[in-house]
$ cat my_file03.cif   # mmCIF, C-alpha atoms
data_final
loop_
_atom_site.label_atom_id
_atom_site.label_comp_id
_atom_site.auth_asym_id
_atom_site.auth_seq_id
_atom_site.Cartn_x
_atom_site.Cartn_y
_atom_site.Cartn_z
CA MET G 2 23.76 121.36 21.91
CA THR G 3 27.10 119.92 20.94
CA LYS G 4 28.32 119.16 17.47
CA LEU G 5 28.07 115.42 18.18
CA GLU G 6 24.36 115.62 19.08
CA GLY G 7 23.62 117.68 15.96
CA PHE G 8 25.48 115.16 13.79
CA GLU G 9 23.54 112.25 15.33
CA LYS G 10 20.23 114.02 14.65
CA GLN G 11 21.20 114.61 11.01
CA ASN G 12 22.11 110.92 10.61
CA ALA G 13 18.82 109.90 12.21
CA VAL G 14 16.87 112.13 9.79
CA LYS G 15 18.85 110.74 6.83
CA ASN G 16 18.17 107.17 7.99
CA GLN G 17 14.45 107.92 8.30
CA THR G 18 14.28 109.41 4.82
CA THR G 19 16.14 106.47 3.29
CA GLU G 20 13.83 104.07 5.12
CA ASN G 21 10.80 106.02 3.87
CA LYS G 22 12.18 105.91 0.33
CA LYS G 23 12.71 102.15 0.61
CA GLN G 24 9.17 101.64 1.92
CA THR G 25 7.64 103.72 -0.86
CA ALA G 26 9.72 101.85 -3.43
CA ILE G 27 8.50 98.55 -2.01
CA LYS G 28 4.88 99.79 -2.07
CA ASN G 29 5.24 100.94 -5.66
CA GLN G 30 6.71 97.59 -6.64
CA MET G 31 3.85 95.77 -4.91
CA THR G 32 1.21 97.87 -6.66
CA LYS G 33 2.89 97.27 -10.02
CA ASN G 34 2.91 93.53 -9.34
CA ASN G 35 -0.73 93.66 -8.26
CA GLN G 36 -1.68 95.50 -11.43
CA LYS G 37 0.16 92.92 -13.54
CA ASN G 38 -1.57 90.09 -11.67
CA LEU G 39 -4.97 91.69 -12.16
CA LYS G 40 -4.34 92.10 -15.89
CA GLU G 41 -3.21 88.48 -16.15
CA LYS G 42 -6.31 87.29 -14.27
CA LYS G 43 -8.57 89.29 -16.56
CA ASN G 44 -6.86 87.84 -19.61
CA ASN G 45 -7.12 84.33 -18.19
CA ASN G 46 -10.81 84.84 -17.40
CA ASN G 47 -11.47 86.06 -20.94
CA ASN G 48 -9.67 83.05 -22.38
CA ASN G 49 -11.53 80.66 -20.08
CA ASN G 50 -14.88 82.22 -20.95
CA ASN G 51 -14.21 81.71 -24.63
CA ASN G 52 -13.36 78.06 -24.05
CA ASN G 53 -16.32 77.38 -21.75
CA LYS G 54 -19.07 78.66 -24.02
CA LYS G 55 -22.11 76.47 -24.08
CA VAL G 56 -22.69 74.61 -27.27
CA ARG G 57 -26.18 75.14 -28.55
CA ARG G 58 -27.94 71.95 -29.38
CA GLU G 59 -30.33 71.60 -32.22
CA PRO G 60 -33.85 71.35 -30.88
CA LEU G 61 -35.99 68.43 -31.88
CA LYS G 62 -37.60 69.68 -35.01
CA LEU G 63 -41.30 69.21 -35.06
CA LYS G 64 -43.48 70.35 -37.85
CA PRO G 65 -45.83 73.14 -36.81
CA THR G 66 -48.79 70.96 -37.72
CA ALA G 67 -47.49 67.89 -35.85
CA ARG G 68 -49.31 67.02 -32.66
CA ILE G 69 -47.55 65.72 -29.60
CA ASP G 70 -49.33 62.68 -28.23
CA TYR G 71 -49.04 61.05 -24.81
CA LYS G 72 -48.38 57.66 -26.45
CA GLN G 73 -45.10 58.85 -28.01
CA VAL G 74 -42.99 58.08 -24.97
CA ASP G 75 -39.64 58.39 -26.75
CA ILE G 76 -40.43 61.95 -27.83
CA LEU G 77 -41.71 62.85 -24.37
CA LEU G 78 -38.54 61.57 -22.75
CA ALA G 79 -36.48 63.80 -25.03
CA PHE G 80 -38.37 66.83 -23.70
CA SER G 81 -37.89 65.95 -20.03
CA THR G 82 -34.77 66.22 -17.88
CA GLU G 83 -32.95 63.32 -16.29
CA HIS G 84 -34.84 64.01 -13.06
CA GLY G 85 -38.19 63.89 -14.83
CA LYS G 86 -38.94 67.61 -15.03
CA ILE G 87 -40.43 69.14 -18.17
CA LYS G 88 -37.88 71.25 -20.03
CA SER G 89 -38.71 74.91 -20.50
CA ARG G 90 -39.81 76.41 -23.76
CA ARG G 91 -36.58 78.36 -23.97
CA LEU G 92 -34.60 75.11 -24.01
CA THR G 93 -36.91 73.13 -26.28
CA LYS G 94 -37.40 75.93 -28.84
CA LEU G 95 -41.03 74.94 -29.27
CA THR G 96 -43.90 77.25 -30.03
CA LEU G 97 -46.28 78.16 -27.24
CA LYS G 98 -48.96 75.85 -28.61
CA GLN G 99 -46.53 72.94 -28.92
CA GLN G 100 -45.19 73.51 -25.41
CA ARG G 101 -48.72 73.36 -24.00
CA GLN G 102 -49.40 70.14 -25.90
CA LEU G 103 -46.11 68.74 -24.63
CA SER G 104 -46.80 69.51 -20.98
CA LYS G 105 -50.33 68.07 -21.19
CA SER G 106 -49.17 64.90 -22.90
CA ILE G 107 -46.31 64.40 -20.39
CA LYS G 108 -48.76 64.81 -17.51
CA ARG G 109 -51.16 62.33 -19.12
CA ALA G 110 -48.36 59.83 -19.69
CA ARG G 111 -47.31 60.18 -16.07
CA TYR G 112 -50.87 59.61 -14.89
CA LEU G 113 -51.11 56.46 -17.03
CA HIS G 114 -47.68 55.30 -15.74
CA LEU G 115 -46.08 55.46 -19.16
CA LEU G 116 -43.56 57.92 -17.73
CA PRO G 117 -42.21 58.13 -14.18
CA PHE G 118 -43.10 61.18 -12.11
CA VAL G 119 -39.57 61.38 -10.71
CA THR G 120 -36.47 59.46 -11.63
CA SER G 121 -33.90 58.83 -8.93
CA VAL G 122 -30.28 59.41 -9.79
CA GLU G 123 -27.92 57.12 -7.89
CA ASN G 124 -24.69 58.57 -6.55
#
$ encode --input "my_file03.cif" --output "structure tokens"
Amino acid sequence: MTKLEGFEKQNAVKNQTTENKKQTAIKNQMTKNNQKNLKEKKNNNNNNNNNNKKVRREPLKLKPTARIDYKQVDILLAFSTEHGKIKSRRLTKLTLKQQRQLSKSIKRARYLHLLPFVTSVEN
């Protein structure tokens, strides 16, 4: 092996190591940027979640002794969705007894055509 061949091999090894160092530096930079982006996304998500909290509405307050009647169409409409479904007890905040009365009276009003079974929503 001549001196020239040995010198070329040393240069090739040096070039490979510098290339490897550059690649690792680029990878490290990319991971740092990714970590920053992830942190920013988490912060943005937390801020968005705070802004998008659902506002709790006050339920229609009924006295515990008040009966829900099928003739009270305005009250029954308040307890049904825009599509005509009966709202759940969790949403209406009614007692179990009141929710049963509500569902029975809505069904009676539907049968007597005081309330529609289904309301169509136009696009």
$ atom_distance --input "my_file03.cif" --atom1 "atom CA of Phe118 of chain G" --atom2 "atom CA of Leu95 of chain G"
22.1 Å
$ residues_around --input "my_file03.cif" --residues "segment 97-99 of chain G" --least-positions-apart "6" --cutoff "9 Å" --atoms "only C-alpha atoms" --output "ChimeraX atom specification"
/G:63,65,67-69,90
$ resolve_selection --input "my_file03.cif" --expression "the PyMOL selection byres ((chain G and resi 83) around 9)" --output "compact mmCIF listing (two decimals) with C-alpha atoms, in the coordinates of the input"
# COMPACT_ATOMS: atom_id res chain seq x y z
CA LEU G 78 -38.54 61.57 -22.75
CA SER G 81 -37.89 65.95 -20.03
CA THR G 82 -34.77 66.22 -17.88
CA HIS G 84 -34.84 64.01 -13.06
CA GLY G 85 -38.19 63.89 -14.83
CA LYS G 86 -38.94 67.61 -15.03
CA VAL G 119 -39.57 61.38 -10.71
CA THR G 120 -36.47 59.46 -11.63
CA SER G 121 -33.90 58.83 -8.93
CA VAL G 122 -30.28 59.41 -9.79
$ atom_distance --input "my_file03.cif" --atom1 "atom CA of Asp70 of chain G" --atom2 "atom CA of Leu116 of chain G"
12.9 Å
$ atom_distance --input "my_file03.cif" --atom1 "atom CA of His114 of chain G" --atom2 "atom CA of Leu92 of chain G"
25.1 Å
$ residues_around --input "my_file03.cif" --residues "Leu115 of chain G" --least-positions-apart "5" --cutoff "9 Å" --atoms "only C-alpha atoms" --output "VMD selection string"
chain G and resid 71 to 72 74 109 to 110
$ closest_residue --input "my_file03.cif" --among "G:Lys22, G:Lys64, G:Lys40, G:Lys88" --to "Ile107 of chain G" --atoms "all atoms listed in the file"
G:Lys88
$ decode --input "my_file03.cif" --residues "segment 86-122 of chain G" --atoms "N, CA, C and O atoms" --output "short mmCIF file (atom, residue, chain, number, x, y, z; two decimals), in the first residue's frame"
data_model
loop_
_atom_site.label_atom_id
_atom_site.label_comp_id
_atom_site.auth_asym_id
_atom_site.auth_seq_id
_atom_site.Cartn_x
_atom_site.Cartn_y
_atom_site.Cartn_z
N LYS G 86 -87.42 13.84 19.89
CA LYS G 86 -87.09 12.81 20.86
C LYS G 86 -87.25 13.36 22.28
O LYS G 86 -87.07 14.55 22.52
N ILE G 87 -87.54 12.47 23.21
CA ILE G 87 -87.65 12.86 24.62
C ILE G 87 -86.24 13.00 25.18
O ILE G 87 -85.41 12.10 25.02
N LYS G 88 -85.97 14.11 25.84
CA LYS G 88 -84.64 14.32 26.44
C LYS G 88 -84.44 13.39 27.62
O LYS G 88 -85.40 13.04 28.33
N SER G 89 -83.21 13.01 27.86
CA SER G 89 -82.91 12.08 28.94
C SER G 89 -83.02 12.77 30.30
O SER G 89 -82.98 13.99 30.40
N ARG G 90 -83.10 11.96 31.29
CA ARG G 90 -83.22 12.46 32.66
C ARG G 90 -81.97 13.23 33.09
O ARG G 90 -82.02 14.19 33.85
N ARG G 91 -80.84 12.80 32.56
CA ARG G 91 -79.58 13.47 32.87
C ARG G 91 -79.59 14.91 32.37
O ARG G 91 -79.07 15.81 33.01
N LEU G 92 -80.20 15.12 31.20
CA LEU G 92 -80.26 16.47 30.64
C LEU G 92 -81.35 17.32 31.30
O LEU G 92 -81.18 18.52 31.49
N THR G 93 -82.48 16.70 31.62
CA THR G 93 -83.61 17.47 32.14
C THR G 93 -83.51 17.74 33.63
O THR G 93 -84.17 18.62 34.13
N LYS G 94 -82.68 16.96 34.33
CA LYS G 94 -82.50 17.11 35.78
C LYS G 94 -83.80 16.89 36.55
O LYS G 94 -84.03 17.52 37.58
N LEU G 95 -84.64 16.01 36.02
CA LEU G 95 -85.89 15.71 36.71
C LEU G 95 -85.70 14.49 37.60
O LEU G 95 -84.76 13.72 37.44
N THR G 96 -86.62 14.33 38.53
CA THR G 96 -86.60 13.12 39.36
C THR G 96 -87.10 11.96 38.52
O THR G 96 -87.67 12.15 37.44
N LEU G 97 -86.92 10.77 39.02
CA LEU G 97 -87.35 9.58 38.29
C LEU G 97 -88.86 9.60 38.08
O LEU G 97 -89.36 9.30 36.99
N LYS G 98 -89.58 9.97 39.10
CA LYS G 98 -91.04 10.01 39.01
C LYS G 98 -91.50 11.05 37.98
O LYS G 98 -92.38 10.79 37.16
N GLN G 99 -90.86 12.22 38.00
CA GLN G 99 -91.22 13.27 37.04
C GLN G 99 -90.86 12.86 35.61
O GLN G 99 -91.62 13.14 34.67
N GLN G 100 -89.74 12.18 35.44
CA GLN G 100 -89.34 11.74 34.10
C GLN G 100 -90.33 10.73 33.55
O GLN G 100 -90.66 10.75 32.36
N ARG G 101 -90.82 9.84 34.39
CA ARG G 101 -91.84 8.88 33.95
C ARG G 101 -93.12 9.59 33.53
O ARG G 101 -93.72 9.27 32.51
N GLN G 102 -93.54 10.56 34.36
CA GLN G 102 -94.74 11.33 34.02
C GLN G 102 -94.53 12.06 32.70
O GLN G 102 -95.44 12.11 31.86
N LEU G 103 -93.36 12.63 32.53
CA LEU G 103 -93.05 13.36 31.31
C LEU G 103 -93.14 12.47 30.08
O LEU G 103 -93.79 12.82 29.09
N SER G 104 -92.51 11.31 30.14
CA SER G 104 -92.52 10.42 28.97
C SER G 104 -93.93 9.94 28.66
O SER G 104 -94.33 9.89 27.49
N LYS G 105 -94.71 9.63 29.69
CA LYS G 105 -96.09 9.19 29.46
C LYS G 105 -96.92 10.31 28.83
O LYS G 105 -97.69 10.09 27.89
N SER G 106 -96.77 11.52 29.37
CA SER G 106 -97.58 12.63 28.86
C SER G 106 -97.17 13.01 27.43
O SER G 106 -98.02 13.35 26.60
N ILE G 107 -95.86 12.91 27.10
CA ILE G 107 -95.43 13.19 25.73
C ILE G 107 -96.01 12.14 24.78
O ILE G 107 -96.50 12.47 23.69
N LYS G 108 -96.00 10.89 25.19
CA LYS G 108 -96.55 9.82 24.35
C LYS G 108 -98.05 9.99 24.16
O LYS G 108 -98.58 9.78 23.06
N ARG G 109 -98.75 10.40 25.21
CA ARG G 109 -100.19 10.65 25.09
C ARG G 109 -100.47 11.82 24.15
O ARG G 109 -101.38 11.77 23.32
N ALA G 110 -99.68 12.88 24.29
CA ALA G 110 -99.86 14.06 23.43
C ALA G 110 -99.56 13.71 21.97
O ALA G 110 -100.24 14.20 21.07
N ARG G 111 -98.60 12.86 21.75
CA ARG G 111 -98.32 12.42 20.39
C ARG G 111 -99.49 11.63 19.82
O ARG G 111 -99.88 11.81 18.67
N TYR G 112 -100.03 10.74 20.64
CA TYR G 112 -101.15 9.90 20.20
C TYR G 112 -102.37 10.75 19.87
O TYR G 112 -103.10 10.46 18.92
N LEU G 113 -102.58 11.82 20.62
CA LEU G 113 -103.71 12.71 20.38
C LEU G 113 -103.39 13.81 19.36
O LEU G 113 -104.19 14.72 19.15
N HIS G 114 -102.23 13.74 18.74
CA HIS G 114 -101.76 14.68 17.72
C HIS G 114 -101.61 16.10 18.26
O HIS G 114 -101.75 17.06 17.51
N LEU G 115 -101.32 16.23 19.53
CA LEU G 115 -100.97 17.54 20.08
C LEU G 115 -99.49 17.84 19.83
O LEU G 115 -99.10 19.00 19.75
N LEU G 116 -98.72 16.78 19.75
CA LEU G 116 -97.29 16.89 19.44
C LEU G 116 -96.98 16.01 18.22
O LEU G 116 -97.60 14.96 18.05
N PRO G 117 -96.01 16.42 17.40
CA PRO G 117 -95.63 15.54 16.29
C PRO G 117 -94.75 14.39 16.79
O PRO G 117 -94.02 14.54 17.76
N PHE G 118 -94.84 13.26 16.11
CA PHE G 118 -93.97 12.14 16.45
C PHE G 118 -92.53 12.46 16.08
O PHE G 118 -91.62 12.22 16.84
N VAL G 119 -92.36 13.01 14.87
CA VAL G 119 -91.03 13.36 14.37
C VAL G 119 -91.15 14.70 13.68
O VAL G 119 -92.10 14.94 12.95
N THR G 120 -90.16 15.56 13.93
CA THR G 120 -90.14 16.83 13.21
C THR G 120 -89.02 16.77 12.20
O THR G 120 -87.92 16.31 12.51
N SER G 121 -89.30 17.20 11.00
CA SER G 121 -88.27 17.17 9.95
C SER G 121 -87.51 18.50 9.96
O SER G 121 -88.09 19.57 10.07
N VAL G 122 -86.20 18.37 9.89
CA VAL G 122 -85.35 19.54 9.85
C VAL G 122 -84.90 19.73 8.42
O VAL G 122 -84.28 18.84 7.83
#
